[in-house]
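Colleague: Supplied structure: input-v1.txt, compact mmCIF, C-alpha atoms.
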# COMPACT_ATOMS: atom_id res chain seq x y z
CA MET A 1 -28.57 -34.11 18.77
CA SER A 2 -24.81 -34.33 18.31
CA LEU A 3 -22.60 -31.24 18.54
CA ARG A 4 -21.87 -31.30 14.81
CA SER A 5 -25.58 -31.56 13.97
CA GLN A 6 -26.34 -28.63 16.25
CA LEU A 7 -23.54 -26.57 14.72
CA SER A 8 -24.64 -27.37 11.16
CA GLU A 9 -28.15 -26.15 11.93
CA LEU A 10 -27.21 -23.04 13.91
CA LEU A 11 -24.25 -21.90 11.80
CA ALA A 12 -26.43 -21.84 8.69
CA GLU A 13 -28.65 -19.30 10.48
CA ILE A 14 -25.96 -17.24 12.23
CA LEU A 15 -23.15 -16.88 9.70
CA PRO A 16 -23.21 -14.09 7.10
CA SER A 17 -22.99 -15.00 3.40
CA ASN A 18 -20.51 -12.24 2.63
CA PRO A 19 -16.89 -13.10 3.60
CA ARG A 20 -16.28 -9.41 4.36
CA GLU A 21 -18.80 -9.65 7.17
CA SER A 22 -17.14 -12.75 8.61
CA ILE A 23 -17.43 -13.42 12.33
CA LYS A 24 -14.33 -14.17 14.40
CA GLY A 25 -14.21 -17.36 16.42
CA THR A 26 -14.66 -15.73 19.85
CA GLU A 27 -17.79 -13.84 18.79
CA LEU A 28 -19.16 -16.87 16.96
CA ILE A 29 -18.80 -18.98 20.11
CA ARG A 30 -20.68 -16.31 22.10
CA LEU A 31 -23.55 -16.27 19.61
CA LEU A 32 -23.74 -20.06 19.55
CA ARG A 33 -23.88 -20.40 23.34
CA LEU A 34 -27.04 -18.28 23.38
CA ARG A 35 -28.86 -20.90 21.32
CA MET A 36 -27.23 -24.31 21.65
CA ASN A 37 -27.82 -27.16 24.09
CA GLY A 38 -24.97 -28.71 26.04
CA ASP A 39 -21.92 -27.39 27.85
CA TYR A 40 -19.09 -27.63 25.34
CA SER A 41 -15.65 -26.13 25.84
CA ASP A 42 -14.31 -23.34 23.67
CA ALA A 43 -11.57 -25.69 22.49
CA SER A 44 -14.13 -28.26 21.33
CA LEU A 45 -16.11 -25.64 19.42
CA ARG A 46 -12.99 -24.22 17.78
CA TYR A 47 -11.93 -27.72 16.78
CA HIS A 48 -15.28 -28.29 15.09
CA PHE A 49 -15.03 -24.92 13.32
CA SER A 50 -11.64 -25.96 11.93
CA VAL A 51 -12.76 -29.42 10.81
CA MET A 52 -16.10 -28.32 9.37
CA SER A 53 -14.61 -25.39 7.47
CA CYS A 54 -12.57 -27.94 5.48
CA ASP A 55 -15.70 -29.93 4.59
CA PRO A 56 -17.38 -28.63 1.39
CA SER A 57 -20.74 -30.00 2.57
CA SER A 58 -20.78 -28.02 5.83
CA PRO A 59 -22.26 -24.51 6.18
CA ILE A 60 -19.14 -22.88 7.62
CA ALA A 61 -16.20 -21.55 5.62
CA LYS A 62 -13.07 -19.73 6.76
CA VAL A 63 -11.86 -16.58 5.05
CA GLU A 64 -8.89 -17.28 2.80
CA LYS A 65 -6.62 -14.63 4.28
CA GLY A 66 -7.11 -13.46 7.83
CA GLN A 67 -9.49 -14.58 10.57
CA GLY A 68 -13.20 -15.13 10.65
CA TYR A 69 -15.92 -17.42 9.35
CA TYR A 70 -18.83 -16.98 6.93
CA LYS A 71 -21.60 -19.13 5.45
CA ARG A 72 -20.44 -21.30 2.61
CA GLY A 73 -22.23 -20.68 -0.65
CA ALA A 74 -24.27 -23.37 -2.37
CA ALA A 75 -21.93 -26.07 -3.58
CA MET A 76 -21.49 -26.65 -7.27
CA PRO A 77 -23.68 -29.57 -8.37
CA ALA A 78 -21.47 -32.65 -8.27
CA LEU A 79 -22.85 -34.21 -11.43
CA SER A 80 -22.56 -31.02 -13.44
CA GLY A 81 -19.22 -30.15 -11.86
CA ALA A 82 -17.69 -33.52 -12.71
CA GLN A 83 -18.99 -33.22 -16.26
CA GLU A 84 -17.42 -29.77 -16.58
CA LEU A 85 -14.12 -31.07 -15.23
CA VAL A 86 -14.15 -33.86 -17.78
CA ALA A 87 -14.86 -31.34 -20.53
CA MET A 88 -12.15 -29.03 -19.27
CA GLN A 89 -9.61 -31.86 -19.29
CA GLN A 90 -10.78 -33.29 -22.63
CA GLY A 91 -12.12 -36.43 -21.01
CA ARG A 92 -9.05 -37.14 -18.85
CA LEU A 93 -10.34 -36.44 -15.36
CA ASP A 94 -7.70 -38.71 -13.83
CA GLU A 95 -4.98 -36.30 -14.99
CA LEU A 96 -6.22 -33.72 -12.50
CA GLY A 97 -4.32 -35.65 -9.86
CA ASP A 98 -4.94 -35.27 -6.13
CA ASN A 99 -7.91 -33.76 -4.30
CA ALA A 100 -6.19 -30.36 -4.10
CA SER A 101 -6.07 -30.18 -7.90
CA VAL A 102 -9.72 -31.19 -8.18
CA ASN A 103 -10.71 -28.60 -5.56
CA HIS A 104 -8.73 -25.97 -7.44
CA ALA A 105 -10.53 -26.81 -10.68
CA MET A 106 -13.90 -26.75 -8.93
CA LEU A 107 -13.07 -23.36 -7.41
CA ARG A 108 -12.44 -21.99 -10.90
CA LEU A 109 -15.83 -23.30 -11.97
CA GLY A 110 -17.48 -21.75 -8.93
CA LYS A 111 -15.95 -18.38 -9.75
CA PHE A 112 -17.18 -18.59 -13.33
CA ARG A 113 -20.71 -19.41 -12.20
CA ALA A 114 -20.63 -16.39 -9.88
CA ILE A 115 -19.37 -14.19 -12.73
CA VAL A 116 -22.19 -15.39 -14.99
CA GLN A 117 -24.70 -14.57 -12.25
CA LYS A 118 -23.31 -11.04 -11.92
CA TYR A 119 -23.22 -10.64 -15.68
CA ALA A 120 -26.91 -11.56 -15.81
CA GLU A 121 -27.69 -8.98 -13.13
CA THR A 122 -25.99 -6.23 -15.13
CA ARG A 123 -28.34 -7.13 -18.00
CA SER A 124 -31.36 -6.89 -15.68
CA ASN A 125 -31.92 -10.65 -15.91
CA PHE A 126 -32.97 -12.79 -12.96
CA THR A 127 -31.35 -16.19 -12.47
CA PHE A 128 -32.41 -19.65 -11.33
CA GLU A 129 -29.80 -22.37 -10.75
CA PHE A 130 -30.53 -26.08 -11.08
CA ARG A 131 -28.59 -27.81 -8.32
CA GLU A 132 -30.49 -30.79 -6.94
CA SER A 133 -31.26 -31.95 -10.47
CA LEU A 134 -27.51 -32.10 -11.14
CA SER A 135 -26.38 -33.44 -7.76
CA THR A 136 -24.40 -36.63 -7.18
CA GLY A 137 -27.43 -38.85 -6.80
CA ALA A 138 -29.21 -37.50 -9.87
CA PRO A 139 -29.42 -39.60 -13.06
CA LEU A 140 -26.65 -38.94 -15.55
CA GLY A 141 -29.34 -38.25 -18.14
CA ASN A 142 -30.25 -35.06 -16.28
CA LEU A 143 -27.26 -33.42 -17.94
CA TRP A 144 -29.32 -33.56 -21.14
CA LYS A 145 -32.49 -32.24 -19.47
CA PHE A 146 -31.44 -29.46 -17.11
CA PRO A 147 -29.03 -26.54 -17.65
CA GLU A 148 -26.83 -25.14 -14.91
CA MET A 149 -28.73 -21.85 -14.96
CA VAL A 150 -31.80 -20.17 -16.42
CA LEU A 151 -31.83 -16.44 -17.21
CA ILE A 152 -35.24 -14.77 -16.95
CA ASP A 153 -35.88 -11.54 -18.83
CA TRP A 154 -39.14 -9.82 -17.82
CA GLU A 155 -38.43 -7.11 -20.42
CA HIS A 156 -40.42 -4.32 -18.71
CA GLY A 157 -40.73 -2.98 -15.15
CA GLU A 158 -39.12 -0.67 -12.63
CA PHE A 159 -36.35 -1.84 -10.33
CA ASP A 160 -36.22 -0.81 -6.68
CA GLU A 161 -34.28 -2.06 -3.66
CA ASN A 162 -36.61 -5.06 -3.28
CA GLY A 163 -36.72 -6.28 -6.87
CA LEU A 164 -38.62 -5.55 -10.07
CA GLU A 165 -42.06 -3.94 -10.04
CA LEU A 166 -43.87 -5.36 -13.06
CA ASP A 167 -45.76 -3.11 -15.45
CA PRO A 168 -49.46 -4.17 -15.42
CA ALA A 169 -50.20 -2.47 -18.75
CA HIS A 170 -47.34 -4.28 -20.46
CA LEU A 171 -48.39 -7.63 -18.98
CA ALA A 172 -51.98 -7.07 -20.11
CA LEU A 173 -50.82 -6.21 -23.64
CA LYS A 174 -48.74 -9.37 -23.85
CA GLN A 175 -51.66 -11.44 -22.60
CA THR A 176 -53.90 -9.91 -25.27
CA LEU A 177 -51.36 -10.80 -27.97
CA GLY A 178 -50.91 -14.32 -26.61
CA LEU A 179 -47.24 -13.70 -25.71
CA PRO A 180 -45.46 -14.98 -22.58
CA PRO A 181 -44.71 -12.36 -19.87
CA TYR A 182 -41.01 -13.31 -19.77
CA ARG A 183 -38.28 -14.99 -21.78
CA LEU A 184 -36.35 -18.00 -20.50
CA SER A 185 -32.78 -18.61 -21.64
CA SER A 186 -31.28 -22.00 -20.76
CA VAL A 187 -27.54 -21.68 -20.08
CA ARG A 188 -24.92 -24.42 -20.02
CA MET A 189 -21.50 -23.39 -18.66
CA ARG A 190 -18.02 -24.69 -19.40
CA VAL A 191 -14.60 -23.33 -18.48
CA GLU A 192 -13.49 -24.14 -22.01
CA THR A 193 -14.31 -26.45 -24.90
CA SER A 194 -12.13 -28.51 -27.23
CA HIS A 195 -12.12 -30.48 -30.47
CA ASP A 196 -13.03 -33.56 -28.41
CA SER A 197 -15.83 -32.05 -26.34
CA PHE A 198 -17.52 -29.23 -28.30
CA ARG A 199 -20.08 -31.49 -30.00
CA GLU A 200 -21.25 -32.92 -26.69
CA ASP A 201 -21.27 -29.43 -25.15
CA LEU A 202 -23.48 -28.05 -27.92
CA PHE A 203 -25.85 -31.01 -28.17
CA GLN A 204 -26.29 -31.00 -24.37
CA THR A 205 -26.99 -27.27 -24.51
CA MET A 206 -29.63 -27.82 -27.18
CA SER A 207 -31.23 -30.78 -25.39
CA ALA A 208 -31.38 -28.95 -22.05
CA SER A 209 -33.07 -25.94 -23.66
CA LEU A 210 -35.98 -27.61 -25.47
CA TRP A 211 -38.44 -26.27 -22.88
CA ALA A 212 -37.03 -22.69 -22.85
CA ASN A 213 -37.19 -19.84 -25.35
CA GLU A 214 -33.52 -20.29 -26.30
CA GLY A 215 -30.33 -22.10 -25.36
CA GLU A 216 -26.82 -20.75 -24.88
CA LEU A 217 -23.39 -22.19 -24.09
CA TYR A 218 -21.23 -19.91 -21.93
CA LEU A 219 -17.47 -20.47 -22.05
CA ALA A 220 -15.14 -18.88 -19.51
CA GLY A 221 -12.19 -18.82 -21.90
CA SER A 222 -11.79 -17.62 -25.45
CA ILE A 223 -11.44 -20.09 -28.32
CA GLN A 224 -7.90 -19.51 -29.54
CA ASP A 225 -7.87 -22.28 -32.16
CA GLU A 226 -9.33 -20.79 -35.37
CA SER A 227 -10.34 -24.20 -36.71
CA LEU A 228 -12.16 -25.05 -33.48
CA GLY A 229 -13.89 -21.69 -33.50
CA ASP A 230 -15.16 -22.26 -37.03
CA GLN A 231 -16.48 -25.73 -36.14
CA VAL A 232 -18.20 -24.47 -32.99
CA ARG A 233 -19.79 -21.58 -34.89
CA ALA A 234 -21.02 -23.82 -37.71
CA LEU A 235 -22.58 -26.49 -35.50
CA ALA A 236 -24.05 -23.94 -33.07
CA SER A 237 -25.73 -22.16 -35.97
CA GLN A 238 -27.22 -25.42 -37.25
CA LEU A 239 -28.55 -26.26 -33.78
CA GLY A 240 -29.80 -22.73 -33.12
CA ILE A 241 -27.57 -22.42 -30.04
CA GLY A 242 -25.87 -19.24 -28.89
CA VAL A 243 -22.23 -19.42 -27.81
CA VAL A 244 -20.60 -16.69 -25.71
CA SER A 245 -17.02 -16.58 -24.42
CA PHE A 246 -16.10 -14.37 -21.47
CA GLY A 247 -12.37 -14.08 -22.19
CA LEU A 248 -11.31 -15.45 -18.80
CA SER A 249 -8.27 -17.75 -18.90
CA PRO A 250 -7.61 -20.21 -16.04
CA ASN A 251 -5.07 -17.71 -14.64
CA ASP A 252 -7.68 -14.94 -14.85
CA LEU A 253 -10.08 -17.11 -12.85
CA ASP A 254 -7.37 -17.75 -10.25
CA ASP A 255 -6.95 -13.99 -9.83
CA LEU A 256 -10.65 -13.45 -9.15
CA PRO A 257 -11.93 -13.29 -5.54
CA HIS A 258 -13.83 -16.13 -3.87
CA PRO A 259 -17.23 -16.97 -5.45
CA ALA A 260 -19.06 -15.69 -2.38
CA GLN A 261 -17.29 -12.34 -2.68
CA ILE A 262 -18.24 -12.09 -6.33
CA GLU A 263 -21.88 -12.88 -5.52
CA ASN A 264 -21.94 -10.18 -2.83
CA ALA A 265 -19.96 -7.56 -4.76
CA MET A 266 -21.20 -3.98 -4.51
CA ASP A 267 -21.89 -1.81 -7.56
CA ARG A 268 -18.37 -0.42 -7.91
CA GLU A 269 -16.82 -3.86 -7.41
CA THR A 270 -19.22 -5.39 -9.90
CA GLU A 271 -18.26 -2.75 -12.43
CA ALA A 272 -14.59 -3.62 -11.93
CA LEU A 273 -15.30 -7.33 -12.34
CA MET A 274 -17.30 -6.77 -15.51
CA GLY A 275 -14.46 -4.62 -16.82
CA ARG A 276 -12.22 -7.69 -16.77
CA LEU A 277 -14.47 -9.58 -19.17
CA ARG A 278 -13.83 -9.75 -22.90
CA ILE A 279 -17.25 -10.84 -24.12
CA GLU A 280 -17.31 -12.42 -27.58
CA LYS A 281 -20.52 -13.71 -29.17
CA ILE A 282 -19.44 -16.64 -31.29
CA SER A 283 -22.98 -17.44 -32.42
CA SER A 284 -26.46 -16.11 -31.66
CA PRO A 285 -29.34 -18.28 -30.44
CA LYS A 286 -32.46 -18.79 -32.51
CA PRO A 287 -35.23 -17.69 -30.12
CA ARG A 288 -38.63 -19.36 -29.91
CA THR A 289 -41.71 -17.25 -29.28
CA HIS A 290 -43.15 -19.74 -26.79
CA CYS A 291 -41.64 -22.22 -24.38
CA GLY A 292 -41.81 -25.94 -25.19
CA TRP A 293 -44.87 -26.84 -23.14
CA GLU A 294 -44.67 -30.62 -23.70
CA SER A 295 -41.01 -30.72 -22.66
CA LEU A 296 -41.82 -28.51 -19.68
CA GLN A 297 -44.64 -30.77 -18.55
CA ALA A 298 -42.44 -33.87 -18.83
CA LEU A 299 -39.66 -32.31 -16.77
CA ARG A 300 -42.05 -31.27 -14.01
CA HIS A 301 -42.36 -34.96 -13.16
CA ASP A 302 -38.58 -35.55 -13.25
CA HIS A 303 -37.56 -33.20 -10.48
CA PRO A 304 -39.19 -30.73 -8.09
CA GLU A 305 -36.74 -27.96 -9.03
CA MET A 306 -38.69 -27.36 -12.21
CA ASN A 307 -41.82 -26.87 -10.11
CA GLN A 308 -39.87 -24.46 -7.89
CA LEU A 309 -38.94 -22.42 -10.95
CA LEU A 310 -42.53 -22.34 -12.21
CA ALA A 311 -43.91 -21.52 -8.76
CA TRP A 312 -41.47 -18.61 -8.44
CA LEU A 313 -42.43 -17.26 -11.86
CA GLY A 314 -46.14 -17.71 -11.18
CA GLY A 315 -45.91 -16.09 -7.76
CA SER A 316 -44.05 -13.12 -9.24
CA LEU A 317 -46.85 -12.63 -11.76
CA GLU A 318 -49.52 -12.95 -9.10
CA HIS A 319 -47.92 -10.32 -6.85
CA GLY A 320 -46.70 -8.06 -9.66
CA LYS A 321 -43.22 -8.13 -8.12
CA VAL A 322 -40.12 -10.14 -8.99
CA LYS A 323 -37.56 -10.82 -6.29
CA PRO A 324 -34.31 -12.79 -6.74
CA PHE A 325 -35.07 -16.47 -6.27
CA ARG A 326 -32.85 -16.76 -3.19
CA SER A 327 -34.82 -14.09 -1.34
CA ALA A 328 -38.16 -15.21 -2.79
CA ARG A 329 -37.94 -18.64 -1.20
Starting from the coordinates I provided, produce the structure as structure tokens.

Modeller:
Amino acid sequence: MSLRSQLSELLAEILPSNPRESIKGTELIRLLRLRMNGDYSDASLRYHFSVMSCDPSSPIAKVEKGQGYYKRGAAMPALSGAQELVAMQQGRLDELGDNASVNHAMLRLGKFRAIVQKYAETRSNFTFEFRESLSTGAPLGNLWKFPEMVLIDWEHGEFDENGLELDPAHLALKQTLGLPPYRLSSVRMRVETSHDSFREDLFQTMSASLWANEGELYLAGSIQDESLGDQVRALASQLGIGVVSFGLSPNDLDDLPHPAQIENAMDRETEALMGRLRIEKISSPKPRTHCGWESLQALRHDHPEMNQLLAWLGGSLEHGKVKPFRSAR
């Protein structure tokens, strides 16, 4: 096994996810030598740290200011990310310019995704992200089948440090009434929308939510154009789609910490982050009592991520305990 292959495998296990717990190069080398094969010099290992930390596909990332390394968070799905960039630039992706500009735009998107995840947590919702289904090699049509994120509301239960303890009496009552034990909200995310892109944004949101209880479009920025706001509201109401803006301008996103820091924020930090949001509900979704079973069945054959979602939900019901998907895997 090559040195880079060894490092990719070991670093994913050794490095912490939280940038604040980053490991300095000297200590990281010591930890690696306890587990790796081959006699490599410190200089060679440091060189690989430097090169790999610049590669978005590698597991190692360097803290933005200061020293130390941490585990890179899951990359934004390339297919979905490119689509969002096109939407953000009103179909003119080439105007983003060089790779640095593209990376900057993708970083903004990553921060918004992390904010949405934290926002869901404050509402006691669990989240599931579709990533492989929206990766580079995925069919373009998947943008009309899979949302970026699903919010799961179990409605009743007691939270503890390990997750949500489900209420057996409430589950039994729902079963008696023929109601599902949870609600699934399909969420499409965009940094902003425009006169040129809002129709596609809303129709994609609707199409990707046919199997869920409801569909919502989350926008990072506010809609400043009154005419655009009226058109978005009217079409969203006709389609039964909810639209929510978070009041975060591109400059606001630039001021936010790294996505990994947002994901690992403590209670007080989360409260400060949520305090920066200016939530505006532009339209409300029209909820469905039951999920679209036929659409759900069809999608199970399109990509294993749908089966992962259903297995997680089913396992949570079986054990009477819901853990975040990342720790439930």

Colleague: Show me, as an MDAnalysis selection string, the residues that have an atom within 12 Å of A:Asp225 when counting all atoms listed in the file, minus same-chain residues fewer than 3 positions from it.

Modeller: chainID A and resid 192:195 221:222 228:232

Colleague: Using only C-alpha atoms, tabulate the residues of stretch 213-327 of chain A lying at most 9 Å from any atom of stretch 151-163 of chain A, each with its closest atom pair and that distance in Å to one decimal, by chain and increasing residue number, as JSON lines.

Modeller:
{"residue": "A:Lys321", "atom": "CA", "partner": "A:Gly163", "partner_atom": "CA", "distance": 6.9}
{"residue": "A:Val322", "atom": "CA", "partner": "A:Gly163", "partner_atom": "CA", "distance": 5.6}
{"residue": "A:Lys323", "atom": "CA", "partner": "A:Gly163", "partner_atom": "CA", "distance": 4.7}
{"residue": "A:Pro324", "atom": "CA", "partner": "A:Gly163", "partner_atom": "CA", "distance": 6.9}

Colleague: Please determine, counting all atoms listed in the file, which residue among A:His303, A:Lys145, A:Arg183, A:Arg35 has the shortest atom-to-atom distance to A:Ser207.

Modeller: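 So, comparing all the options, the nearest one is A:Lys145.
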
Colleague: Which of these, A:Glu148, A:Glu305, A:Asp196, A:Glu271, has the shortest distance to A:Gly215 once you count all atoms listed in the file?

Modeller: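 Of the candidates, the smallest distance to A:Gly215 is held by A:Glu148.
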
Colleague: Quick one: residues within 12 Å of A:Asp255, all atoms listed in the file counted, chain neighbours fewer than 6 positions away excluded, as a VMD selection string?

Modeller: chain A and resid 107 to 108 111 to 112 248 to 249 262 273 276

Colleague: Between atom CA of A:Gln297 and atom CA of A:Glu216, what is the distance, to one decimal in Å?

Modeller: 21.4 Å

Colleague: Closest to A:Ile282 among A:Pro77, A:Gly314, A:Gly242, A:Pro257, using all atoms listed in the file?

Modeller: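 Checking each candidate against A:Ile282, we get A:Gly242 as the closest.
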
Colleague: Need the shell around A:Ala236: protein/DNA/RNA residues with any atom at most 8 Å away, counting all atoms listed in the file. Skip same-chain ones fewer than 5 positions apart. Format as a ChimeraX atom specification?

Modeller: /A:202,241-243,283

Colleague: Work out how far apart atom CA of A:Met189 and atom CA of A:Tyr218 are and give it in Å to one decimal.

Modeller: 4.8 Å

Colleague: Could you check how far atom CA of A:Ala272 sits from atom CA of A:Tyr70, in Å to one decimal?

Modeller: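 Separating atom CA of A:Ala272 from atom CA of A:Tyr70 is a distance of 23.5 Å.
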
Colleague: Within 12 Å of (-15.8, -28.4, 8.1) (coordinates as in the file), grab all the protein and nucleic acid residues, counting only C-alpha atoms, and write them out as a PyMOL selection string.

Modeller: chain A and resi 4-5+7-8+11+45-62+69-72

Colleague: Got a sec: who's within 7 Å of stretch 209-212 of chain A, counting only C-alpha atoms, leaving out chain neighbours fewer than 4 positions off, as a ChimeraX atom specification?

Modeller: /A:184-186,205,291-293,295-296

Colleague: Of the candidates A:Arg113, A:Arg20, A:Arg199, A:His104, which one gets nearest to A:Gln67 if we count only C-alpha atoms?

Modeller: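 Checking each of A:Arg113, A:Arg20, A:Arg199, A:His104 against A:Gln67, counting only C-alpha atoms, the winner is A:Arg20.
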
Colleague: From the set A:Ile115, A:Leu3, A:Leu28, A:Leu164, which residue has the shortest atom-to-atom contact distance to A:His319, counting all atoms listed in the file?

Modeller: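 Ranking A:Ile115, A:Leu3, A:Leu28, A:Leu164 by distance to A:His319, first place goes to A:Leu164.
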
Colleague: Counting all atoms listed in the file, which residue out of A:Ile279, A:Leu166, A:Leu79, A:Leu143 sits closest to A:Ser245?

Modeller: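 Closest to A:Ser245 of all the choices is A:Ile279.
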
Colleague: Enclose all atoms of stretch 185-193 of chain A listed in the file in an axis-aligned box, grow every side by 4 Å, and hand back centre and edge lengths in Å to one decimal, as AutoDock Vina command-line options.

Modeller:
--center_x -23.1 --center_y -22.5 --center_z -21.7 --size_x 27.3 --size_y 15.8 --size_z 14.4
